[in-house]
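data01.csv follows; it contains CSV, C-alpha atoms (C1' of nucleotides).
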```csv
chain,number,residue,atom,x,y,z
M,106,MET,CA,146.5,61.3,118.8
M,107,SER,CA,145.8,63.1,115.6
M,108,GLN,CA,142.2,63.3,114.3
M,109,LEU,CA,140.8,60.5,112.2
M,110,THR,CA,140.3,61.2,108.5
M,111,LEU,CA,137.5,59.7,106.4
M,112,PRO,CA,139.5,56.8,105.0
M,113,ASP,CA,140.5,55.8,108.5
M,114,MET,CA,136.9,55.2,109.6
M,115,ILE,CA,135.1,51.9,109.5
M,116,CYS,CA,131.8,53.8,109.1
M,117,PHE,CA,133.0,55.4,105.9
M,118,ALA,CA,134.3,52.1,104.6
M,119,LEU,CA,130.9,50.6,105.0
M,120,TYR,CA,129.1,53.7,103.6
M,121,SER,CA,131.2,53.8,100.5
M,122,ALA,CA,131.4,50.1,99.9
M,123,ASN,CA,127.6,49.8,100.2
M,124,HIS,CA,127.3,52.5,97.6
M,125,ALA,CA,129.9,50.9,95.3
M,126,MET,CA,128.0,47.6,95.6
M,127,GLN,CA,124.7,49.2,94.6
M,128,ARG,CA,126.4,50.9,91.7
M,129,VAL,CA,127.5,47.5,90.4
M,130,TYR,CA,123.9,46.1,90.9
M,131,GLN,CA,122.2,49.0,89.1
M,132,PRO,CA,123.0,48.1,85.5
M,133,LEU,CA,122.2,44.5,86.2
M,134,LEU,CA,118.8,45.3,87.8
M,135,ALA,CA,117.7,48.1,85.5
M,136,PRO,CA,116.9,45.8,82.6
M,137,LEU,CA,114.5,43.9,85.0
M,138,GLY,CA,112.9,47.2,86.1
M,139,LEU,CA,114.1,46.6,89.7
M,140,THR,CA,115.8,48.8,92.3
M,141,TYR,CA,118.2,47.3,94.7
M,142,PRO,CA,115.9,47.2,97.7
M,143,GLN,CA,113.2,45.7,95.5
M,144,PHE,CA,115.6,43.0,94.5
M,145,LEU,CA,116.3,42.3,98.2
M,146,VAL,CA,112.5,42.0,98.8
M,147,LEU,CA,112.3,39.5,95.9
M,148,MET,CA,115.2,37.5,97.4
M,149,ALA,CA,113.3,37.3,100.7
M,150,LEU,CA,110.1,36.2,99.0
M,151,TRP,CA,111.9,33.6,96.8
M,152,GLU,CA,113.2,32.1,100.0
M,153,GLU,CA,109.7,32.1,101.6
M,154,ASP,CA,106.6,33.4,99.8
M,155,GLY,CA,103.6,34.9,101.5
M,156,ARG,CA,105.4,36.7,104.3
M,157,ARG,CA,103.9,39.5,106.3
M,158,VAL,CA,105.2,43.1,106.0
M,159,THR,CA,106.6,42.6,109.5
M,160,ASP,CA,108.5,39.5,108.5
M,161,LEU,CA,110.0,41.2,105.5
M,162,GLY,CA,110.9,44.1,107.8
M,163,ARG,CA,112.7,41.8,110.2
M,164,ALA,CA,114.5,40.0,107.3
M,165,LEU,CA,115.6,43.3,105.7
M,166,GLY,CA,116.0,45.5,108.8
M,167,LEU,CA,113.3,47.9,107.6
M,168,GLU,CA,110.0,49.3,109.0
M,169,SER,CA,106.6,49.5,107.4
M,170,ASN,CA,107.1,53.2,106.6
M,171,THR,CA,109.8,52.1,104.1
M,172,LEU,CA,108.3,48.8,103.1
M,173,THR,CA,104.7,49.8,102.5
M,174,PRO,CA,105.4,52.3,99.7
M,175,LEU,CA,108.1,50.1,98.2
M,176,LEU,CA,105.7,47.1,98.1
M,177,LYS,CA,103.0,49.3,96.6
M,178,ARG,CA,105.4,50.2,93.8
M,179,MET,CA,106.2,46.5,93.3
M,180,GLU,CA,102.5,45.7,93.3
M,181,ALA,CA,101.9,48.3,90.7
M,182,GLN,CA,104.6,46.7,88.5
M,183,GLY,CA,102.9,43.3,88.9
M,184,LEU,CA,105.7,41.8,90.8
M,185,VAL,CA,103.8,40.9,94.0
M,186,ALA,CA,100.3,41.0,95.4
M,187,ARG,CA,99.4,42.5,98.8
M,188,ALA,CA,96.4,41.1,100.7
M,189,ARG,CA,95.1,41.4,104.3
M,190,ASP,CA,95.4,38.2,106.3
M,191,GLU,CA,92.0,36.4,106.7
M,192,GLN,CA,92.7,35.4,110.3
M,193,ASP,CA,94.2,38.7,111.4
M,194,GLU,CA,93.1,41.7,109.4
M,195,ARG,CA,95.9,43.8,110.8
M,196,GLN,CA,98.5,41.9,108.8
M,197,VAL,CA,99.3,42.1,105.1
M,198,ARG,CA,100.7,39.1,103.3
M,199,VAL,CA,102.9,39.7,100.3
M,200,THR,CA,102.8,37.1,97.6
M,201,LEU,CA,104.9,36.7,94.5
M,202,SER,CA,103.2,37.0,91.2
M,203,GLU,CA,104.1,34.8,88.3
M,204,LYS,CA,106.3,37.6,87.0
M,205,GLY,CA,107.9,38.1,90.4
M,206,ALA,CA,108.6,34.4,90.8
M,207,GLY,CA,109.9,34.2,87.3
M,208,LEU,CA,112.6,36.7,87.9
M,209,LYS,CA,114.4,34.2,90.2
M,210,ALA,CA,115.8,32.7,87.0
M,211,GLU,CA,117.9,35.8,86.5
M,212,ALA,CA,119.2,35.8,90.0
M,213,GLY,CA,121.9,33.3,89.4
M,214,HIS,CA,123.5,35.3,86.7
M,215,ILE,CA,123.4,38.5,88.7
M,216,SER,CA,125.0,36.8,91.7
M,217,ARG,CA,127.7,35.5,89.5
M,218,CYS,CA,128.4,39.0,88.1
M,219,ILE,CA,128.6,40.4,91.7
M,220,PHE,CA,130.9,37.6,92.8
M,221,ASP,CA,133.2,38.4,89.9
M,222,ALA,CA,133.2,42.1,90.6
M,223,CYS,CA,134.2,41.4,94.2
M,224,GLY,CA,137.4,39.8,92.9
M,225,LEU,CA,137.9,37.4,95.9
M,226,GLU,CA,137.9,33.7,96.3
M,227,VAL,CA,134.8,32.2,97.8
M,228,GLU,CA,136.5,31.5,101.2
M,229,ARG,CA,137.8,35.0,101.6
M,230,LEU,CA,134.5,36.5,100.6
M,231,THR,CA,132.6,34.3,102.9
M,232,ALA,CA,134.9,35.2,105.8
M,233,LEU,CA,134.6,38.9,105.1
M,234,ARG,CA,130.8,38.6,104.9
M,235,ASP,CA,130.7,36.9,108.3
M,236,GLN,CA,132.9,39.6,109.8
M,237,ILE,CA,130.7,42.3,108.4
M,238,THR,CA,127.5,40.5,109.6
M,239,ALA,CA,129.0,40.0,113.1
M,240,LEU,CA,129.8,43.7,113.2
M,241,ARG,CA,126.3,44.6,112.1
M,242,ASP,CA,124.9,42.4,114.9
M,243,ARG,CA,127.0,44.1,117.5
M,244,LEU,CA,126.1,47.5,116.3
M,245,ALA,CA,122.4,46.6,116.3
M,246,GLY,CA,122.5,44.7,119.6
R,172,MET,CA,123.7,24.5,94.0
R,173,SER,CA,120.7,25.8,96.0
R,174,GLN,CA,119.8,29.5,95.7
R,175,LEU,CA,121.5,32.0,97.9
R,176,THR,CA,119.5,33.6,100.7
R,177,LEU,CA,119.8,37.1,102.0
R,178,PRO,CA,122.1,36.3,104.9
R,179,ASP,CA,124.5,34.5,102.5
R,180,MET,CA,125.1,37.6,100.4
R,181,ILE,CA,127.9,40.0,100.9
R,182,CYS,CA,125.8,42.8,99.4
R,183,PHE,CA,123.2,42.4,102.1
R,184,ALA,CA,125.9,42.3,104.8
R,185,LEU,CA,127.1,45.6,103.6
R,186,TYR,CA,123.6,47.0,103.2
R,187,SER,CA,122.5,46.1,106.6
R,188,ALA,CA,125.8,46.9,108.4
R,189,ASN,CA,125.8,50.3,106.9
R,190,HIS,CA,122.2,50.9,108.1
R,191,ALA,CA,123.1,49.6,111.5
R,192,MET,CA,126.1,52.0,111.7
R,193,GLN,CA,124.0,55.0,110.7
R,194,ARG,CA,121.5,54.0,113.4
R,195,VAL,CA,124.3,54.1,116.0
R,196,TYR,CA,125.4,57.5,114.7
R,197,GLN,CA,121.9,59.1,114.7
R,198,PRO,CA,121.4,59.7,118.4
R,199,LEU,CA,125.0,61.0,118.6
R,200,LEU,CA,124.6,63.4,115.7
R,201,ALA,CA,121.0,64.6,116.4
R,202,PRO,CA,122.0,66.8,119.3
R,203,LEU,CA,124.4,68.6,117.0
R,204,GLY,CA,121.7,69.0,114.4
R,205,LEU,CA,123.7,66.9,111.9
R,206,THR,CA,122.8,64.1,109.6
R,207,TYR,CA,125.3,61.3,108.9
R,208,PRO,CA,126.3,62.5,105.4
R,209,GLN,CA,126.6,66.1,106.8
R,210,PHE,CA,129.0,64.7,109.4
R,211,LEU,CA,131.0,63.1,106.7
R,212,VAL,CA,131.3,66.4,104.9
R,213,LEU,CA,132.4,68.1,108.0
R,214,MET,CA,135.1,65.3,108.5
R,215,ALA,CA,136.4,66.1,105.0
R,216,LEU,CA,136.5,69.8,105.7
R,217,TRP,CA,138.2,69.4,109.1
R,218,GLU,CA,140.9,67.5,107.3
R,219,GLU,CA,141.2,70.2,104.6
R,220,ASP,CA,139.0,73.3,104.5
R,221,GLY,CA,138.0,75.3,101.4
R,222,ARG,CA,137.6,72.3,99.1
R,223,ARG,CA,135.6,72.5,95.9
R,224,VAL,CA,132.4,70.6,95.5
R,225,THR,CA,134.2,68.3,93.1
R,226,ASP,CA,136.9,67.6,95.7
R,227,LEU,CA,134.3,66.7,98.3
R,228,GLY,CA,132.6,64.5,95.8
R,229,ARG,CA,135.8,62.6,95.2
R,230,ALA,CA,136.4,62.2,98.9
R,231,LEU,CA,132.9,61.0,99.6
R,232,GLY,CA,132.0,59.3,96.4
R,233,LEU,CA,129.1,61.6,95.6
R,234,GLU,CA,128.1,63.9,92.7
R,235,SER,CA,127.0,67.5,92.7
R,236,ASN,CA,123.4,66.5,92.4
R,237,THR,CA,123.7,65.1,95.9
R,238,LEU,CA,126.2,67.5,97.4
R,239,THR,CA,124.7,70.8,96.2
R,240,PRO,CA,121.4,70.5,98.1
R,241,LEU,CA,123.2,69.0,101.1
R,242,LEU,CA,125.7,71.8,101.2
R,243,LYS,CA,122.9,74.4,100.9
R,244,ARG,CA,121.2,72.9,103.9
R,245,MET,CA,124.5,73.0,105.8
R,246,GLU,CA,125.0,76.6,104.7
R,247,ALA,CA,121.4,77.5,105.9
R,248,GLN,CA,122.4,76.0,109.3
R,249,GLY,CA,125.5,78.2,109.5
R,250,LEU,CA,127.9,75.3,109.3
R,251,VAL,CA,129.7,76.2,106.1
R,252,ALA,CA,130.0,79.0,103.5
R,253,ARG,CA,129.8,78.5,99.7
R,254,ALA,CA,131.5,80.9,97.4
R,255,ARG,CA,132.4,80.8,93.7
R,256,ASP,CA,136.2,80.7,93.1
R,257,GLU,CA,137.7,84.0,92.1
R,258,GLN,CA,140.0,82.4,89.5
R,259,ASP,CA,137.5,79.9,88.1
R,260,GLU,CA,133.9,80.9,88.5
R,261,ARG,CA,132.7,77.4,87.6
R,262,GLN,CA,134.0,76.1,90.9
R,263,VAL,CA,132.4,76.6,94.3
R,264,ARG,CA,134.6,76.5,97.4
R,265,VAL,CA,133.2,75.3,100.6
R,266,THR,CA,134.5,76.8,103.8
R,267,LEU,CA,133.9,75.9,107.5
R,268,SER,CA,132.2,78.6,109.6
R,269,GLU,CA,133.3,79.1,113.2
R,270,LYS,CA,130.3,76.9,114.2
R,271,GLY,CA,131.3,74.2,111.7
R,272,ALA,CA,134.9,74.2,112.7
R,273,GLY,CA,133.9,74.2,116.4
R,274,LEU,CA,132.0,70.9,116.1
R,275,LYS,CA,135.3,69.2,115.5
R,276,ALA,CA,135.7,69.2,119.3
R,277,GLU,CA,132.8,66.7,119.6
R,278,ALA,CA,134.2,64.3,117.0
R,279,GLY,CA,136.5,62.6,119.3
R,280,HIS,CA,133.8,61.6,121.7
R,281,ILE,CA,131.6,60.4,118.8
R,282,SER,CA,134.4,58.3,117.4
R,283,ARG,CA,134.9,56.7,120.7
R,284,CYS,CA,131.3,55.8,121.0
R,285,ILE,CA,131.3,54.2,117.6
R,286,PHE,CA,134.5,52.3,118.4
R,287,ASP,CA,132.9,51.0,121.6
R,288,ALA,CA,129.7,50.0,119.7
R,289,CYS,CA,131.8,48.0,117.2
R,290,GLY,CA,133.1,45.8,120.0
R,291,LEU,CA,136.4,44.9,118.4
R,292,GLU,CA,140.0,45.5,119.3
R,293,VAL,CA,141.7,48.2,117.2
R,294,GLU,CA,143.8,45.8,115.2
R,295,ARG,CA,140.8,43.7,114.2
R,296,LEU,CA,138.7,46.7,113.4
R,297,THR,CA,141.5,48.2,111.3
R,298,ALA,CA,142.0,45.0,109.4
R,299,LEU,CA,138.3,44.7,108.7
R,300,ARG,CA,138.2,48.3,107.5
R,301,ASP,CA,141.0,47.6,105.1
R,302,GLN,CA,139.3,44.6,103.7
R,303,ILE,CA,136.0,46.5,103.2
R,304,THR,CA,137.9,49.4,101.6
R,305,ALA,CA,139.8,47.0,99.3
R,306,LEU,CA,136.5,45.4,98.3
R,307,ARG,CA,135.0,48.8,97.6
R,308,ASP,CA,137.9,49.8,95.4
R,309,ARG,CA,137.6,46.6,93.4
R,310,LEU,CA,133.8,47.1,93.0
R,311,ALA,CA,134.4,50.7,91.9
R,312,GLY,CA,137.4,50.0,89.7
U,102,DT,C1',80.8,42.3,127.6
U,103,DC,C1',83.0,46.6,127.6
U,104,DT,C1',87.2,49.2,128.0
U,105,DG,C1',92.0,50.2,127.7
U,106,DA,C1',96.4,48.4,126.0
U,107,DT,C1',98.9,46.4,122.3
U,108,DT,C1',100.1,45.3,117.7
U,109,DA,C1',100.4,45.9,112.4
U,110,DA,C1',100.2,48.9,108.5
U,111,DA,C1',99.8,53.0,106.6
U,112,DT,C1',100.6,58.0,106.2
U,113,DC,C1',103.4,62.3,106.3
U,114,DG,C1',107.5,65.1,105.9
U,115,DC,C1',112.2,65.5,105.0
U,116,DG,C1',117.0,64.3,103.7
U,117,DC,C1',119.7,61.7,101.0
U,118,DG,C1',121.5,59.3,96.3
U,119,DC,C1',121.3,59.4,91.6
U,120,DG,C1',120.0,59.3,86.4
U,121,DA,C1',119.2,62.9,83.3
U,122,DT,C1',119.5,67.4,81.8
U,123,DT,C1',120.8,72.4,81.9
U,124,DA,C1',123.6,76.7,82.4
U,125,DA,C1',127.6,78.9,82.6
U,126,DA,C1',132.4,79.4,82.6
U,127,DA,C1',136.8,78.0,80.9
U,128,DA,C1',139.9,75.7,77.6
U,129,DG,C1',141.2,74.3,73.1
U,130,DC,C1',141.9,75.5,68.5
U,131,DA,C1',141.3,77.0,63.6
I,83,DT,C1',139.4,86.6,67.1
I,84,DG,C1',135.4,83.4,67.0
I,85,DC,C1',133.6,78.7,67.5
I,86,DT,C1',133.4,74.2,69.6
I,87,DT,C1',134.4,71.2,73.4
I,88,DT,C1',135.1,70.4,78.1
I,89,DT,C1',134.4,71.2,82.8
I,90,DT,C1',131.8,72.4,87.0
I,91,DA,C1',127.6,73.2,89.5
I,92,DA,C1',123.0,73.3,89.7
I,93,DT,C1',118.3,71.6,88.8
I,94,DC,C1',114.6,68.1,88.4
I,95,DG,C1',112.2,63.9,89.4
I,96,DC,C1',111.9,59.7,91.8
I,97,DG,C1',112.9,55.9,95.1
I,98,DC,C1',114.5,54.9,99.4
I,99,DG,C1',115.0,55.3,104.9
I,100,DC,C1',113.2,56.9,108.9
I,101,DG,C1',111.2,59.7,112.9
I,102,DA,C1',106.7,60.8,114.2
I,103,DT,C1',102.0,60.0,114.1
I,104,DT,C1',97.5,57.8,112.8
I,105,DT,C1',94.2,54.2,111.9
I,106,DA,C1',92.3,49.9,112.6
I,107,DA,C1',92.2,45.3,114.4
I,108,DT,C1',93.2,42.2,118.2
I,109,DC,C1',94.1,41.1,122.9
I,110,DA,C1',93.7,41.3,127.9
I,111,DG,C1',91.5,42.1,132.0
I,112,DA,C1',87.7,43.7,135.0
```

Reformat the file's structure so that it appears as C-alpha cells.
Amino acid sequence: MSQLTLPDMICFALYSANHAMQRVYQPLLAPLGLTYPQFLVLMALWEEDGRRVTDLGRALGLESNTLTPLLKRMEAQGLVARARDEQDERQVRVTLSEKGAGLKAEAGHISRCIFDACGLEVERLTALRDQITALRDRLAG
Amino acid sequence: MSQLTLPDMICFALYSANHAMQRVYQPLLAPLGLTYPQFLVLMALWEEDGRRVTDLGRALGLESNTLTPLLKRMEAQGLVARARDEQDERQVRVTLSEKGAGLKAEAGHISRCIFDACGLEVERLTALRDQITALRDRLAG
DNA sequence: TCTGATTAAATCGCGCGCGATTAAAAAGCA
DNA sequence: TGCTTTTTAATCGCGCGCGATTTAATCAGA
C-alpha cells in the first residue's frame, strides 16, 4: 500500500477543520475582547455558574496549567471572579461577573453565524457532531 | 429555544476531538523527538521534498510566522535543511535530511496505531474524514 | 493526635498559532 | 533605466496547551 498523504488522514482533517473553525470565530469574538477558549469557558459558566477549576477542566478537557492563567486573564478583564472555596480551601470557584453573564446575549447571534458558515442542515450537522464526539471519546478512552 | 451547551456544539466537538487526537499521537511521536505539527511537516515533505515555505503553508494551512520558527527547530534537530532558492532569493526551499527522510519508515506503524485508536472500520473512518474535510472547506471558503 | 498519602491549583518552560509589522527580492511599468 | 507594487520570509508579542514540578489543604490510618 502506498503511503498516506496529509489529506488522507483523519488527524489532519480534524486539525485543519478545528483551525478553520477558530478562524471563523475570531472576527465574531474579537469585538467582545474574547479568545476562542475564553468563549468556551463562558459557555460552560453560562450553563452552570460557580464551577471549580477542576469542573471546568473536565468540561473542556483541560488541566489547571492551562486554565489558571486563562482564568486570571478573564478575571483581569472583569469577566469572572475567582475565589477559594470556604469549605475546601484547595478549590477555586469561578463565578461570572455581570459583564461575563451579560455576554450570553451575544451568544445566540454568534452561534447562528457559525451554523451558517457550516453550510449544512441541522440534521446533518448534528449527525456529524455526534460522530466526531464519538471518535473523540474512543480516542480519549 | 434554550441555549446551546458545550456538548451540543460542533465547534467544541472539533476542538476536543483534535486535542484527543494529539494526545494519542504524543507518546508515539515523543520517542522520535517530534511534535505533532512537526510530524505533519514531515508528512508533507515525504510526499514531495524541496517545497517552499509557502507550499508547506498551503498544504498545512499555516503562515510563515508559524512555519519559520518550527522549521528552524526542525533544522536544529537535523531533520531538514533550509536554503534560499537560487532563482528567486525570496523563497526558501525545505529539504529532508537523511534523518528526516529515514523517519518515514516509522510512519506506517504510527498510522496503524492511530487507526486502531479510532476504533472504526476503514469505510466509516474515510466517510467521516471526508465530511470533516468538506466542513473545513466550507468554513474556510 | 500526628504522620504520610492524596487532591487541587498554581508555577515554569517550551512549542505552537496568529495578528501585525518589517526586510528584502522580484515584478510591473512609465 | 528608475520607481512603485507585489511577493516571500522573517520577526515580535501574546495567548493557549501541556509535561513536569511545587505548594497547600484535606484525608486516612495508626

Surrounding residues of Val158 (chain M) excluding itself and chain neighbours under 5 positions, 9 Å, all atoms listed in the file, as an NGL selection string: (:M and (163 or 168-169 or 172-173 or 176 or 196-199)) or (:U and (109-110))

Nearest candidate to chain U (options M:Glu194, M:Ala149, M:Val185, M:Leu134; using all atoms listed in the file):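 When distances to chain U are compared using all atoms listed in the file, the smallest one comes from M:Glu194.
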
Just fit chain M onto chain R on all the Cα atoms, in order, by least squares, and give it as a short mmCIF file (atom, residue, chain, number, x, y, z; two decimals) with C-alpha atoms, in the frame of the given file.
```
data_model
loop_
_atom_site.label_atom_id
_atom_site.label_comp_id
_atom_site.auth_asym_id
_atom_site.auth_seq_id
_atom_site.Cartn_x
_atom_site.Cartn_y
_atom_site.Cartn_z
CA MET M 106 123.72 24.52 94.07
CA SER M 107 120.79 25.81 96.01
CA GLN M 108 119.83 29.51 95.72
CA LEU M 109 121.51 32.07 97.92
CA THR M 110 119.43 33.57 100.72
CA LEU M 111 119.79 37.15 101.97
CA PRO M 112 122.11 36.37 104.87
CA ASP M 113 124.43 34.53 102.53
CA MET M 114 125.10 37.63 100.41
CA ILE M 115 127.96 40.02 100.88
CA CYS M 116 125.79 42.79 99.37
CA PHE M 117 123.21 42.37 102.09
CA ALA M 118 125.87 42.29 104.77
CA LEU M 119 127.13 45.62 103.63
CA TYR M 120 123.59 47.07 103.17
CA SER M 121 122.51 46.11 106.62
CA ALA M 122 125.71 46.90 108.41
CA ASN M 123 125.79 50.38 106.81
CA HIS M 124 122.30 50.92 108.09
CA ALA M 125 123.12 49.60 111.58
CA MET M 126 126.12 51.95 111.67
CA GLN M 127 124.00 54.98 110.78
CA ARG M 128 121.48 53.98 113.39
CA VAL M 129 124.22 54.11 116.03
CA TYR M 130 125.40 57.57 114.69
CA GLN M 131 121.91 59.10 114.68
CA PRO M 132 121.45 59.71 118.40
CA LEU M 133 124.97 60.99 118.65
CA LEU M 134 124.56 63.44 115.72
CA ALA M 135 121.02 64.60 116.41
CA PRO M 136 121.99 66.76 119.36
CA LEU M 137 124.45 68.60 116.98
CA GLY M 138 121.69 69.03 114.37
CA LEU M 139 123.69 66.89 111.88
CA THR M 140 122.78 64.02 109.56
CA TYR M 141 125.26 61.35 108.86
CA PRO M 142 126.30 62.53 105.41
CA GLN M 143 126.63 66.05 106.79
CA PHE M 144 128.94 64.73 109.43
CA LEU M 145 131.04 63.04 106.70
CA VAL M 146 131.23 66.42 104.85
CA LEU M 147 132.43 68.07 108.10
CA MET M 148 135.08 65.33 108.53
CA ALA M 149 136.35 66.07 105.01
CA LEU M 150 136.46 69.80 105.63
CA TRP M 151 138.18 69.40 109.06
CA GLU M 152 140.88 67.49 107.25
CA GLU M 153 141.19 70.21 104.54
CA ASP M 154 139.06 73.37 104.52
CA GLY M 155 138.08 75.28 101.43
CA ARG M 156 137.61 72.33 99.10
CA ARG M 157 135.66 72.48 95.90
CA VAL M 158 132.33 70.61 95.49
CA THR M 159 134.22 68.30 93.14
CA ASP M 160 136.86 67.53 95.72
CA LEU M 161 134.29 66.75 98.34
CA GLY M 162 132.55 64.56 95.75
CA ARG M 163 135.72 62.62 95.08
CA ALA M 164 136.44 62.27 98.86
CA LEU M 165 132.88 61.07 99.60
CA GLY M 166 132.05 59.23 96.35
CA LEU M 167 129.16 61.60 95.61
CA GLU M 168 128.13 63.90 92.70
CA SER M 169 127.07 67.51 92.75
CA ASN M 170 123.39 66.52 92.44
CA THR M 171 123.68 65.06 95.98
CA LEU M 172 126.23 67.47 97.35
CA THR M 173 124.79 70.77 96.19
CA PRO M 174 121.49 70.50 98.09
CA LEU M 175 123.17 68.95 101.11
CA LEU M 176 125.71 71.84 101.26
CA LYS M 177 122.89 74.34 100.84
CA ARG M 178 121.20 72.84 103.89
CA MET M 179 124.50 73.05 105.81
CA GLU M 180 124.93 76.63 104.68
CA ALA M 181 121.51 77.47 105.87
CA GLN M 182 122.37 76.02 109.32
CA GLY M 183 125.52 78.18 109.42
CA LEU M 184 127.85 75.31 109.30
CA VAL M 185 129.73 76.23 106.10
CA ALA M 186 129.88 78.98 103.53
CA ARG M 187 129.70 78.40 99.76
CA ALA M 188 131.47 80.86 97.43
CA ARG M 189 132.44 80.84 93.71
CA ASP M 190 136.17 80.60 93.11
CA GLU M 191 137.70 83.99 92.06
CA GLN M 192 140.04 82.40 89.52
CA ASP M 193 137.53 79.96 88.07
CA GLU M 194 133.92 80.98 88.43
CA ARG M 195 132.73 77.50 87.59
CA GLN M 196 133.95 76.15 90.92
CA VAL M 197 132.43 76.56 94.37
CA ARG M 198 134.64 76.48 97.43
CA VAL M 199 133.14 75.29 100.67
CA THR M 200 134.51 76.80 103.81
CA LEU M 201 133.89 75.94 107.43
CA SER M 202 132.23 78.51 109.56
CA GLU M 203 133.24 79.08 113.12
CA LYS M 204 130.35 76.87 114.18
CA GLY M 205 131.30 74.19 111.67
CA ALA M 206 134.92 74.20 112.77
CA GLY M 207 133.89 74.17 116.37
CA LEU M 208 132.03 70.96 116.06
CA LYS M 209 135.35 69.09 115.54
CA ALA M 210 135.64 69.14 119.33
CA GLU M 211 132.77 66.71 119.56
CA ALA M 212 134.19 64.38 117.01
CA GLY M 213 136.49 62.61 119.35
CA HIS M 214 133.76 61.58 121.66
CA ILE M 215 131.55 60.35 118.85
CA SER M 216 134.38 58.27 117.39
CA ARG M 217 134.97 56.76 120.74
CA CYS M 218 131.27 55.82 121.10
CA ILE M 219 131.35 54.18 117.59
CA PHE M 220 134.53 52.30 118.40
CA ASP M 221 132.89 50.94 121.53
CA ALA M 222 129.74 49.93 119.73
CA CYS M 223 131.82 48.00 117.21
CA GLY M 224 133.07 45.80 120.06
CA LEU M 225 136.46 44.89 118.41
CA GLU M 226 140.02 45.55 119.25
CA VAL M 227 141.72 48.24 117.26
CA GLU M 228 143.78 45.73 115.17
CA ARG M 229 140.81 43.66 114.19
CA LEU M 230 138.78 46.71 113.33
CA THR M 231 141.52 48.19 111.32
CA ALA M 232 141.97 44.95 109.38
CA LEU M 233 138.26 44.66 108.69
CA ARG M 234 138.16 48.30 107.53
CA ASP M 235 141.00 47.66 105.08
CA GLN M 236 139.25 44.57 103.74
CA ILE M 237 136.05 46.48 103.26
CA THR M 238 137.90 49.43 101.59
CA ALA M 239 139.80 47.02 99.27
CA LEU M 240 136.49 45.47 98.30
CA ARG M 241 134.96 48.86 97.65
CA ASP M 242 137.93 49.72 95.40
CA ARG M 243 137.51 46.59 93.38
CA LEU M 244 133.85 47.08 92.99
CA ALA M 245 134.38 50.69 91.89
CA GLY M 246 137.38 49.94 89.67
#
```

Which neighbours of DC98 (chain I) fall inside 10 Å, counting all atoms listed in the file, when residues of the same chain fewer than 6 positions from it are skipped, and could you give them as a count of residues only? 9

Using only C-alpha atoms (C1' of nucleotides), which of the listed residues (U:DT107, U:DT122, U:DT102, U:DT112) sits closest to DG95 (chain I)?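 Of U:DT107, U:DT122, U:DT102, U:DT112, the one nearest DG95 (chain I), counting only C-alpha atoms (C1' of nucleotides), is U:DT122.
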
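Each of R:Gly273, R:Pro198, R:Gly232, R:Gly290 was checked against Ala311 (chain R) using all atoms listed in the file; the smallest atom-to-atom distance is that of R:Gly232.
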